[in-house]
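Q: Input structure: query00.pdb, which contains PDB, C-alpha atoms and all ligand atoms.
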```
ATOM      1  CA  MET A  24    -140.747-115.264 147.792  1.00  0.00           C
ATOM      2  CA  SER A  25    -140.763-118.956 148.683  1.00  0.00           C
ATOM      3  CA  GLU A  26    -140.837-120.298 152.231  1.00  0.00           C
ATOM      4  CA  LEU A  27    -137.309-121.548 151.681  1.00  0.00           C
ATOM      5  CA  ASP A  28    -136.080-118.054 150.765  1.00  0.00           C
ATOM      6  CA  THR A  29    -137.764-116.637 153.857  1.00  0.00           C
ATOM      7  CA  LEU A  30    -136.063-119.267 156.017  1.00  0.00           C
ATOM      8  CA  ILE A  31    -132.668-118.508 154.481  1.00  0.00           C
ATOM      9  CA  GLN A  32    -133.148-114.751 154.918  1.00  0.00           C
ATOM     10  CA  LEU A  33    -134.102-115.140 158.580  1.00  0.00           C
ATOM     11  CA  LEU A  34    -131.162-117.468 159.259  1.00  0.00           C
ATOM     12  CA  ALA A  35    -128.785-115.028 157.531  1.00  0.00           C
ATOM     13  CA  ARG A  36    -129.729-112.358 160.094  1.00  0.00           C
ATOM     14  CA  LEU A  37    -128.423-114.486 162.984  1.00  0.00           C
ATOM     15  CA  PRO A  38    -125.117-113.332 164.493  1.00  0.00           C
ATOM     16  CA  GLY A  39    -122.193-115.157 162.911  1.00  0.00           C
ATOM     17  CA  LEU A  40    -124.193-116.428 159.919  1.00  0.00           C
ATOM     18  CA  GLY A  41    -123.872-114.892 156.454  1.00  0.00           C
ATOM     19  CA  PRO A  42    -125.986-115.741 153.368  1.00  0.00           C
ATOM     20  CA  ARG A  43    -123.739-118.673 152.461  1.00  0.00           C
ATOM     21  CA  SER A  44    -123.849-120.370 155.877  1.00  0.00           C
ATOM     22  CA  ALA A  45    -127.582-119.563 156.110  1.00  0.00           C
ATOM     23  CA  ARG A  46    -128.177-121.518 152.870  1.00  0.00           C
ATOM     24  CA  ARG A  47    -126.167-124.444 154.255  1.00  0.00           C
ATOM     25  CA  ALA A  48    -128.074-124.361 157.537  1.00  0.00           C
ATOM     26  CA  ALA A  49    -131.438-124.225 155.720  1.00  0.00           C
ATOM     27  CA  LEU A  50    -130.510-127.216 153.547  1.00  0.00           C
ATOM     28  CA  TYR A  51    -129.306-129.108 156.607  1.00  0.00           C
ATOM     29  CA  LEU A  52    -132.599-128.476 158.404  1.00  0.00           C
ATOM     30  CA  ILE A  53    -134.812-129.386 155.466  1.00  0.00           C
ATOM     31  CA  LYS A  54    -132.974-132.647 154.824  1.00  0.00           C
ATOM     32  CA  ARG A  55    -133.388-133.618 158.480  1.00  0.00           C
ATOM     33  CA  ARG A  56    -137.030-132.816 159.068  1.00  0.00           C
ATOM     34  CA  GLU A  57    -137.589-135.119 162.039  1.00  0.00           C
ATOM     35  CA  SER A  58    -134.207-134.914 163.759  1.00  0.00           C
ATOM     36  CA  ALA A  59    -133.464-131.195 163.277  1.00  0.00           C
ATOM     37  CA  LEU A  60    -136.153-129.038 161.630  1.00  0.00           C
ATOM     38  CA  GLU A  61    -139.174-130.030 163.729  1.00  0.00           C
ATOM     39  CA  PRO A  62    -137.366-130.023 167.130  1.00  0.00           C
ATOM     40  CA  LEU A  63    -135.889-126.601 166.291  1.00  0.00           C
ATOM     41  CA  ALA A  64    -139.281-125.219 165.213  1.00  0.00           C
ATOM     42  CA  ALA A  65    -140.842-126.523 168.442  1.00  0.00           C
ATOM     43  CA  ALA A  66    -138.034-125.094 170.599  1.00  0.00           C
ATOM     44  CA  LEU A  67    -138.360-121.694 168.885  1.00  0.00           C
ATOM     45  CA  ALA A  68    -142.132-121.672 169.377  1.00  0.00           C
ATOM     46  CA  ARG A  69    -141.754-122.541 173.071  1.00  0.00           C
ATOM     47  CA  ALA A  70    -139.049-119.874 173.516  1.00  0.00           C
ATOM     48  CA  ALA A  71    -141.212-117.239 171.818  1.00  0.00           C
ATOM     49  CA  ALA A  72    -144.225-118.154 173.951  1.00  0.00           C
ATOM     50  CA  GLU A  73    -142.615-118.682 177.337  1.00  0.00           C
ATOM     51  CA  ILE A  74    -139.306-116.837 177.748  1.00  0.00           C
ATOM     52  CA  ARG A  75    -139.707-113.369 179.278  1.00  0.00           C
ATOM     53  CA  PRO A  76    -137.423-110.903 181.063  1.00  0.00           C
ATOM     54  CA  CYS A  77    -137.483-111.242 184.859  1.00  0.00           C
ATOM     55  CA  PRO A  78    -139.335-108.211 186.295  1.00  0.00           C
ATOM     56  CA  VAL A  79    -136.769-108.015 189.131  1.00  0.00           C
ATOM     57  CA  CYS A  80    -133.374-108.468 187.453  1.00  0.00           C
ATOM     58  CA  GLY A  81    -133.891-108.567 183.662  1.00  0.00           C
ATOM     59  CA  ASN A  82    -132.590-112.139 183.296  1.00  0.00           C
ATOM     60  CA  LEU A  83    -134.519-114.231 180.733  1.00  0.00           C
ATOM     61  CA  ASP A  84    -136.479-117.192 182.028  1.00  0.00           C
ATOM     62  CA  THR A  85    -139.795-119.005 181.698  1.00  0.00           C
ATOM     63  CA  ALA A  86    -140.504-118.338 185.392  1.00  0.00           C
ATOM     64  CA  GLN A  87    -141.291-114.900 186.840  1.00  0.00           C
ATOM     65  CA  PRO A  88    -139.283-113.933 188.877  1.00  0.00           C
ATOM     66  CA  CYS A  89    -136.422-115.921 187.357  1.00  0.00           C
ATOM     67  CA  ALA A  90    -134.757-119.011 188.867  1.00  0.00           C
ATOM     68  CA  ILE A  91    -131.773-116.970 190.107  1.00  0.00           C
ATOM     69  CA  CYS A  92    -133.987-114.427 191.913  1.00  0.00           C
ATOM     70  CA  ARG A  93    -136.041-117.239 193.498  1.00  0.00           C
ATOM     71  CA  ASP A  94    -133.070-119.412 194.581  1.00  0.00           C
ATOM     72  CA  PRO A  95    -132.931-119.215 198.407  1.00  0.00           C
ATOM     73  CA  ARG A  96    -129.320-120.519 198.424  1.00  0.00           C
ATOM     74  CA  ARG A  97    -128.134-117.397 196.622  1.00  0.00           C
ATOM     75  CA  ASP A  98    -127.045-114.339 198.584  1.00  0.00           C
ATOM     76  CA  ALA A  99    -129.849-111.781 198.346  1.00  0.00           C
ATOM     77  CA  ALA A 100    -127.538-109.074 199.750  1.00  0.00           C
ATOM     78  CA  ALA A 101    -125.254-109.054 196.697  1.00  0.00           C
ATOM     79  CA  ILE A 102    -126.251-107.721 193.289  1.00  0.00           C
ATOM     80  CA  CYS A 103    -123.923-107.951 190.309  1.00  0.00           C
ATOM     81  CA  VAL A 104    -124.654-105.493 187.489  1.00  0.00           C
ATOM     82  CA  VAL A 105    -123.965-106.685 183.936  1.00  0.00           C
ATOM     83  CA  GLU A 106    -124.591-105.134 180.530  1.00  0.00           C
ATOM     84  CA  ASP A 107    -126.019-108.178 178.811  1.00  0.00           C
ATOM     85  CA  LEU A 108    -127.271-111.679 179.424  1.00  0.00           C
ATOM     86  CA  ALA A 109    -124.113-113.088 177.810  1.00  0.00           C
ATOM     87  CA  ASP A 110    -122.123-111.477 180.654  1.00  0.00           C
ATOM     88  CA  LEU A 111    -124.422-113.073 183.247  1.00  0.00           C
ATOM     89  CA  TRP A 112    -123.897-116.466 181.585  1.00  0.00           C
ATOM     90  CA  ALA A 113    -120.118-115.924 181.556  1.00  0.00           C
ATOM     91  CA  LEU A 114    -120.130-115.194 185.306  1.00  0.00           C
ATOM     92  CA  GLU A 115    -122.398-118.180 186.000  1.00  0.00           C
ATOM     93  CA  ARG A 116    -120.001-120.469 184.091  1.00  0.00           C
ATOM     94  CA  THR A 117    -117.267-119.614 186.594  1.00  0.00           C
ATOM     95  CA  GLY A 118    -119.409-120.856 189.487  1.00  0.00           C
ATOM     96  CA  ALA A 119    -117.557-118.258 191.598  1.00  0.00           C
ATOM     97  CA  TYR A 120    -120.505-115.940 192.259  1.00  0.00           C
ATOM     98  CA  ARG A 121    -123.484-116.859 194.443  1.00  0.00           C
ATOM     99  CA  GLY A 122    -125.368-113.566 194.614  1.00  0.00           C
ATOM    100  CA  ARG A 123    -128.025-112.104 192.352  1.00  0.00           C
ATOM    101  CA  TYR A 124    -127.861-110.017 189.184  1.00  0.00           C
ATOM    102  CA  HIS A 125    -129.176-106.949 187.450  1.00  0.00           C
ATOM    103  CA  VAL A 126    -129.084-107.017 183.640  1.00  0.00           C
ATOM    104  CA  LEU A 127    -128.999-103.486 182.214  1.00  0.00           C
ATOM    105  CA  GLY A 128    -129.438-104.436 178.567  1.00  0.00           C
ATOM    106  CA  GLY A 129    -126.857-101.903 177.391  1.00  0.00           C
ATOM    107  CA  THR A 130    -124.866 -98.895 178.499  1.00  0.00           C
ATOM    108  CA  LEU A 131    -125.575 -95.190 178.746  1.00  0.00           C
ATOM    109  CA  SER A 132    -125.012 -93.523 175.402  1.00  0.00           C
ATOM    110  CA  ALA A 133    -125.960 -89.936 174.592  1.00  0.00           C
ATOM    111  CA  LEU A 134    -125.241 -90.631 170.910  1.00  0.00           C
ATOM    112  CA  ASP A 135    -127.722 -93.506 170.724  1.00  0.00           C
ATOM    113  CA  GLY A 136    -130.236 -91.789 172.993  1.00  0.00           C
ATOM    114  CA  ILE A 137    -129.888 -94.419 175.744  1.00  0.00           C
ATOM    115  CA  GLY A 138    -130.532 -92.827 179.137  1.00  0.00           C
ATOM    116  CA  PRO A 139    -131.037 -94.232 182.653  1.00  0.00           C
ATOM    117  CA  GLU A 140    -134.746 -94.937 181.931  1.00  0.00           C
ATOM    118  CA  GLU A 141    -133.863 -97.296 179.071  1.00  0.00           C
ATOM    119  CA  LEU A 142    -131.507 -99.302 181.317  1.00  0.00           C
ATOM    120  CA  SER A 143    -133.733 -99.956 184.366  1.00  0.00           C
ATOM    121  CA  ILE A 144    -131.208 -98.100 186.549  1.00  0.00           C
ATOM    122  CA  GLY A 145    -134.013 -96.732 188.752  1.00  0.00           C
ATOM    123  CA  ARG A 146    -135.214-100.301 189.384  1.00  0.00           C
ATOM    124  CA  LEU A 147    -131.654-101.313 190.297  1.00  0.00           C
ATOM    125  CA  ILE A 148    -131.245 -98.475 192.831  1.00  0.00           C
ATOM    126  CA  ALA A 149    -134.638 -99.388 194.337  1.00  0.00           C
ATOM    127  CA  ARG A 150    -133.317-102.920 195.046  1.00  0.00           C
ATOM    128  CA  LEU A 151    -130.402-101.579 197.137  1.00  0.00           C
ATOM    129  CA  SER A 152    -130.264-100.910 200.855  1.00  0.00           C
ATOM    130  CA  ALA A 153    -127.620-100.329 203.523  1.00  0.00           C
ATOM    131  CA  GLY A 154    -125.281-103.289 204.064  1.00  0.00           C
ATOM    132  CA  MET A 155    -125.804-104.764 200.587  1.00  0.00           C
ATOM    133  CA  GLU A 156    -122.995-105.165 198.080  1.00  0.00           C
ATOM    134  CA  LEU A 157    -123.281-103.852 194.537  1.00  0.00           C
ATOM    135  CA  ILE A 158    -120.721-105.341 192.136  1.00  0.00           C
ATOM    136  CA  LEU A 159    -120.271-103.419 188.894  1.00  0.00           C
ATOM    137  CA  ALA A 160    -119.241-106.019 186.295  1.00  0.00           C
ATOM    138  CA  LEU A 161    -119.489-103.734 183.281  1.00  0.00           C
ATOM    139  CA  ASN A 162    -117.270-103.894 180.230  1.00  0.00           C
ATOM    140  CA  ALA A 163    -113.942-102.027 180.382  1.00  0.00           C
ATOM    141  CA  THR A 164    -115.070 -99.707 177.569  1.00  0.00           C
ATOM    142  CA  VAL A 165    -115.624 -95.952 177.812  1.00  0.00           C
ATOM    143  CA  GLU A 166    -119.428 -96.481 177.813  1.00  0.00           C
ATOM    144  CA  GLY A 167    -119.195 -99.317 180.355  1.00  0.00           C
ATOM    145  CA  GLN A 168    -117.101 -97.255 182.748  1.00  0.00           C
ATOM    146  CA  THR A 169    -119.268 -94.120 182.296  1.00  0.00           C
ATOM    147  CA  THR A 170    -122.313 -96.223 183.184  1.00  0.00           C
ATOM    148  CA  ALA A 171    -120.477 -97.743 186.191  1.00  0.00           C
ATOM    149  CA  HIS A 172    -119.630 -94.288 187.558  1.00  0.00           C
ATOM    150  CA  TYR A 173    -123.197 -93.070 187.048  1.00  0.00           C
ATOM    151  CA  ILE A 174    -124.610 -96.076 188.965  1.00  0.00           C
ATOM    152  CA  ALA A 175    -121.956 -95.820 191.711  1.00  0.00           C
ATOM    153  CA  ASP A 176    -122.917 -92.155 192.331  1.00  0.00           C
ATOM    154  CA  LEU A 177    -126.618 -93.031 192.709  1.00  0.00           C
ATOM    155  CA  ALA A 178    -125.887 -96.140 194.798  1.00  0.00           C
ATOM    156  CA  ALA A 179    -123.801 -94.161 197.312  1.00  0.00           C
ATOM    157  CA  ALA A 180    -126.994 -92.653 198.776  1.00  0.00           C
ATOM    158  CA  THR A 181    -128.458 -96.122 199.518  1.00  0.00           C
ATOM    159  CA  GLY A 182    -125.644 -97.143 201.892  1.00  0.00           C
ATOM    160  CA  ALA A 183    -124.724-100.170 199.740  1.00  0.00           C
ATOM    161  CA  ARG A 184    -121.040-101.035 199.337  1.00  0.00           C
ATOM    162  CA  VAL A 185    -120.003-100.610 195.727  1.00  0.00           C
ATOM    163  CA  SER A 186    -117.209-102.633 194.141  1.00  0.00           C
ATOM    164  CA  ARG A 187    -116.149-103.352 190.587  1.00  0.00           C
ATOM    165  CA  LEU A 188    -114.268-106.124 188.815  1.00  0.00           C
ATOM    166  CA  ALA A 189    -110.483-105.843 188.919  1.00  0.00           C
ATOM    167  CA  GLN A 190    -108.706-104.929 185.720  1.00  0.00           C
ATOM    168  CA  GLY A 191    -105.268-106.145 184.831  1.00  0.00           C
ATOM    169  CA  VAL A 192    -103.087-109.081 183.857  1.00  0.00           C
ATOM    170  CA  PRO A 193    -105.209-112.082 182.799  1.00  0.00           C
ATOM    171  CA  VAL A 194    -104.629-115.455 184.464  1.00  0.00           C
ATOM    172  CA  GLY A 195    -101.857-117.157 182.504  1.00  0.00           C
ATOM    173  CA  GLY A 196    -101.048-113.895 180.737  1.00  0.00           C
ATOM    174  CA  GLU A 197     -97.553-112.763 179.799  1.00  0.00           C
ATOM    175  CA  LEU A 198     -96.732-109.082 180.219  1.00  0.00           C
ATOM    176  CA  ASP A 199     -95.013-108.862 176.852  1.00  0.00           C
ATOM    177  CA  TYR A 200     -98.265-109.798 175.058  1.00  0.00           C
ATOM    178  CA  LEU A 201    -100.579-107.331 176.839  1.00  0.00           C
ATOM    179  CA  ASP A 202    -101.851-104.175 175.182  1.00  0.00           C
ATOM    180  CA  ASP A 203    -100.769-100.853 176.709  1.00  0.00           C
ATOM    181  CA  GLY A 204    -104.201-100.081 178.224  1.00  0.00           C
ATOM    182  CA  THR A 205    -104.375-103.425 180.064  1.00  0.00           C
ATOM    183  CA  LEU A 206    -100.823-103.091 181.352  1.00  0.00           C
ATOM    184  CA  THR A 207    -101.440 -99.495 182.521  1.00  0.00           C
ATOM    185  CA  ALA A 208    -104.635-100.576 184.334  1.00  0.00           C
ATOM    186  CA  ALA A 209    -102.788-103.481 185.975  1.00  0.00           C
ATOM    187  CA  LEU A 210    -100.000-101.202 187.178  1.00  0.00           C
ATOM    188  CA  LYS A 211    -102.483 -98.664 188.588  1.00  0.00           C
ATOM    189  CA  ALA A 212    -104.477-101.414 190.352  1.00  0.00           C
ATOM    190  CA  ARG A 213    -101.376-103.003 191.960  1.00  0.00           C
ATOM    191  CA  ARG A 214    -101.837-104.501 195.411  1.00  0.00           C
ATOM    192  CA  PRO A 215     -99.546-105.137 198.372  1.00  0.00           C
ATOM    193  CA  LEU A 216     -98.243-108.719 198.433  1.00  0.00           C
TER
HETATM  194 ZN    ZN B   1    -134.449-112.360 188.190  1.00  0.00          ZN
END
```
For this file, produce the structure as structure tokens.
Ligand SMILES: [Zn+2]
A:
Amino acid sequence: MSELDTLIQLLARLPGLGPRSARRAALYLIKRRESALEPLAAALARAAAEIRPCPVCGNLDTAQPCAICRDPRRDAAAICVVEDLADLWALERTGAYRGRYHVLGGTLSALDGIGPEELSIGRLIARLSAGMELILALNATVEGQTTAHYIADLAAATGARVSRLAQGVPVGGELDYLDDGTLTAALKARRPL
């Protein structure tokens, strides 16, 4: 197989790219050696060599511990648990959270053989102490909520306060357009005005 075929095959494995868009991307890169191909190759090599999971929180960074764990302006008494790095990035984009994180890397799943050991849950519980806040920002799926309950049970013994993200009507949302599950959750989580 030629180098070009290898490149196309590797690109086709990227999320959101099929064989057709992988061929287009490969052609684009090869035609722009200096402006696209070489900078991308260098960035990939640097990422492969330098980016590692933070030993404290599981965030990816070139520094160990990561920049979020080392930032003294962030509240060390709040830990927000997320499934994946994409969720951490989504929360960071809001600018509304100034605590720290714990990236699980998945959810508990008996079917897939993913237990607490695979998700660094023990390391999370070890970070907690009385007076801290643990925010469970897990997906509103069955697996996400099962994992949240499992962590909340273990965290109770540490004396940390446990909270979770609210579920309900999205900002700007119209009731008529919501699915039944979202509307039911919103009704159950109603608050005094
Ligand atoms: Zn970290």
Q: Within 8 Å of ligand ZN 1 (chain B), counting only C-alpha atoms and all ligand atoms, which protein or nucleic acid residues do you find, written as a list in words?
A: Pro76, Cys77, Pro78, Val79, Cys80, Gly81, Asn82, Leu83, Gln87, Pro88, Cys89, Ala90, Ile91, Cys92, Arg93, Arg123, Tyr124 and His125 of chain A
Q: Keeping only C-alpha atoms, write the selected residues as a PDB file, keeping the file's coordinate frame.
A:
```
ATOM      1  CA  PRO A  76    -137.423-110.903 181.063  1.00  0.00           C
ATOM      2  CA  CYS A  77    -137.483-111.242 184.859  1.00  0.00           C
ATOM      3  CA  PRO A  78    -139.335-108.211 186.295  1.00  0.00           C
ATOM      4  CA  VAL A  79    -136.769-108.015 189.131  1.00  0.00           C
ATOM      5  CA  CYS A  80    -133.374-108.468 187.453  1.00  0.00           C
ATOM      6  CA  GLY A  81    -133.891-108.567 183.662  1.00  0.00           C
ATOM      7  CA  ASN A  82    -132.590-112.139 183.296  1.00  0.00           C
ATOM      8  CA  LEU A  83    -134.519-114.231 180.733  1.00  0.00           C
ATOM      9  CA  GLN A  87    -141.291-114.900 186.840  1.00  0.00           C
ATOM     10  CA  PRO A  88    -139.283-113.933 188.877  1.00  0.00           C
ATOM     11  CA  CYS A  89    -136.422-115.921 187.357  1.00  0.00           C
ATOM     12  CA  ALA A  90    -134.757-119.011 188.867  1.00  0.00           C
ATOM     13  CA  ILE A  91    -131.773-116.970 190.107  1.00  0.00           C
ATOM     14  CA  CYS A  92    -133.987-114.427 191.913  1.00  0.00           C
ATOM     15  CA  ARG A  93    -136.041-117.239 193.498  1.00  0.00           C
ATOM     16  CA  ARG A 123    -128.025-112.104 192.352  1.00  0.00           C
ATOM     17  CA  TYR A 124    -127.861-110.017 189.184  1.00  0.00           C
ATOM     18  CA  HIS A 125    -129.176-106.949 187.450  1.00  0.00           C
TER      19      HIS A 125
END
```
Q: What is the distance between atom CA of A:Arg47 and atom CA of A:Ile31, in Å to one decimal?
A: 8.8 Å
Q: For A:Leu188, which residue out of A:Gln168, A:Ser44, A:Thr29, A:Ser152 is the nearest one, using all atoms listed in the file?
A: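 Using all atoms listed in the file, A:Leu188 sits closest to A:Gln168.
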Q: So what do you get for atom CA of A:Arg96 versus atom CA of A:Gly122, distance-wise?
A: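 Spanning atom CA of A:Arg96 to atom CA of A:Gly122 is a straight-line distance of 8.9 Å.
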Q: Point out the residue among A:Leu159, A:Ala99, A:Ala70, A:Ile53 with the least atom-to-atom distance to A:Thr85, counting all atoms listed in the file.
A: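 That would be A:Ala70, the residue with the smallest distance to A:Thr85.
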Q: For the atom pair atom CA of A:Ile158 and atom CA of A:Glu197, what is the interatomic distance in Å to one decimal place?
A: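 So the answer is 27.3 Å.
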Q: Counting all atoms listed in the file, write as a tab-separated table (two decimals) with C-alpha atoms, in the coordinates of the input all protein and nucleic acid residues lying at most 12 Å from (-109.9, -116.6, 184.2) in the file's frame.
A:
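For reference, selection29.tsv as written:
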```tsv
chain	number	residue	atom	x	y	z
A	113	ALA	CA	-120.12	-115.92	181.56
A	114	LEU	CA	-120.13	-115.19	185.31
A	116	ARG	CA	-120.00	-120.47	184.09
A	117	THR	CA	-117.27	-119.61	186.59
A	118	GLY	CA	-119.41	-120.86	189.49
A	119	ALA	CA	-117.56	-118.26	191.60
A	189	ALA	CA	-110.48	-105.84	188.92
A	190	GLN	CA	-108.71	-104.93	185.72
A	191	GLY	CA	-105.27	-106.14	184.83
A	192	VAL	CA	-103.09	-109.08	183.86
A	193	PRO	CA	-105.21	-112.08	182.80
A	194	VAL	CA	-104.63	-115.46	184.46
A	195	GLY	CA	-101.86	-117.16	182.50
A	196	GLY	CA	-101.05	-113.90	180.74
```
Q: Take the PyMOL selection byres (((chain A and resi 108) around 9) and not hetatm), run it mentally on this structure, and tell me the resulting residues as number ranges by chain.
A: A: 81-83, 105-107, 109-113, 126-128
Q: For C-alpha atoms, I'd like the residues from the last selection saved as an mmCIF file, in the coordinates of the input.
A:
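Result file is again-v7.cif:
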```
data_model
loop_
_atom_site.group_PDB
_atom_site.id
_atom_site.type_symbol
_atom_site.label_atom_id
_atom_site.label_comp_id
_atom_site.auth_asym_id
_atom_site.auth_seq_id
_atom_site.Cartn_x
_atom_site.Cartn_y
_atom_site.Cartn_z
ATOM 1 C CA GLY A 81 -133.891 -108.567 183.662
ATOM 2 C CA ASN A 82 -132.590 -112.139 183.296
ATOM 3 C CA LEU A 83 -134.519 -114.231 180.733
ATOM 4 C CA VAL A 105 -123.965 -106.685 183.936
ATOM 5 C CA GLU A 106 -124.591 -105.134 180.530
ATOM 6 C CA ASP A 107 -126.019 -108.178 178.811
ATOM 7 C CA ALA A 109 -124.113 -113.088 177.810
ATOM 8 C CA ASP A 110 -122.123 -111.477 180.654
ATOM 9 C CA LEU A 111 -124.422 -113.073 183.247
ATOM 10 C CA TRP A 112 -123.897 -116.466 181.585
ATOM 11 C CA ALA A 113 -120.118 -115.924 181.556
ATOM 12 C CA VAL A 126 -129.084 -107.017 183.640
ATOM 13 C CA LEU A 127 -128.999 -103.486 182.214
ATOM 14 C CA GLY A 128 -129.438 -104.436 178.567
#
```
Q: Expanded to explicit residues, what is the PyMOL selection byres (((chain A and resi 48-52) around 9) and not hetatm) for this file, as a list in words?
A: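 For this structure, the PyMOL selection byres (((chain A and resi 48-52) around 9) and not hetatm) captures Leu27, Leu30, Ile31, Leu34, Arg43, Ser44, Ala45, Arg46, Arg47, Ile53, Lys54, Arg55, Arg56, Ser58, Ala59, Leu60, Glu61 and Leu63 of chain A.
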Q: Of the candidates A:Thr205, A:Thr169, A:Asp28, A:Arg184, which one gets nearest to A:Ala133 if we count only C-alpha atoms?
A: A:Thr169
Q: Output, as lines of an AutoDock Vina configuration file, the centre and edge lengths in Å (one decimal) of the axis-aligned box that contains all listed atoms of stretch 169-187 of chain A with 8 Å of margin on each side.
A:
```
center_x = -122.3
center_y = -97.8
center_z = 192.1
size_x = 28.3
size_y = 27.2
size_z = 35.6
```
Q: Quick one: apply the PyMOL selection byres (((chain A and resi 101) around 7) and not hetatm) to the file and drop the selected residues here as a list in words.
A: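 Checked against the file, the PyMOL selection byres (((chain A and resi 101) around 7) and not hetatm) matches Asp98, Ala99, Ala100, Ile102, Cys103, Gly122, Arg123, Met155, Glu156 and Leu157 of chain A.
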Q: With all atoms listed in the file as the basis for distance, which of A:Thr130, A:Gln32, A:Thr207, A:Ser25 is at the shortest distance from A:Val165?
A: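 Among the listed residues, A:Thr130 lies closest to A:Val165.
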Q: Within 9 Å of (-124.1, -97.3, 186.6) in the file's own coordinates, which protein, DNA or RNA residues have an atom, counting all atoms listed in the file? List them as JSON, numbers by chain.
A: {"A": [104, 130, 131, 139, 144, 159, 161, 167, 168, 169, 170, 171, 172, 173, 174, 175, 176, 177, 178]}
Q: Which one is closest to A:Leu210: A:Leu198, A:Leu67, A:Leu142, A:Ala160? Count only C-alpha atoms.
A: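 Result for the nearest residue to A:Leu210: A:Leu198.
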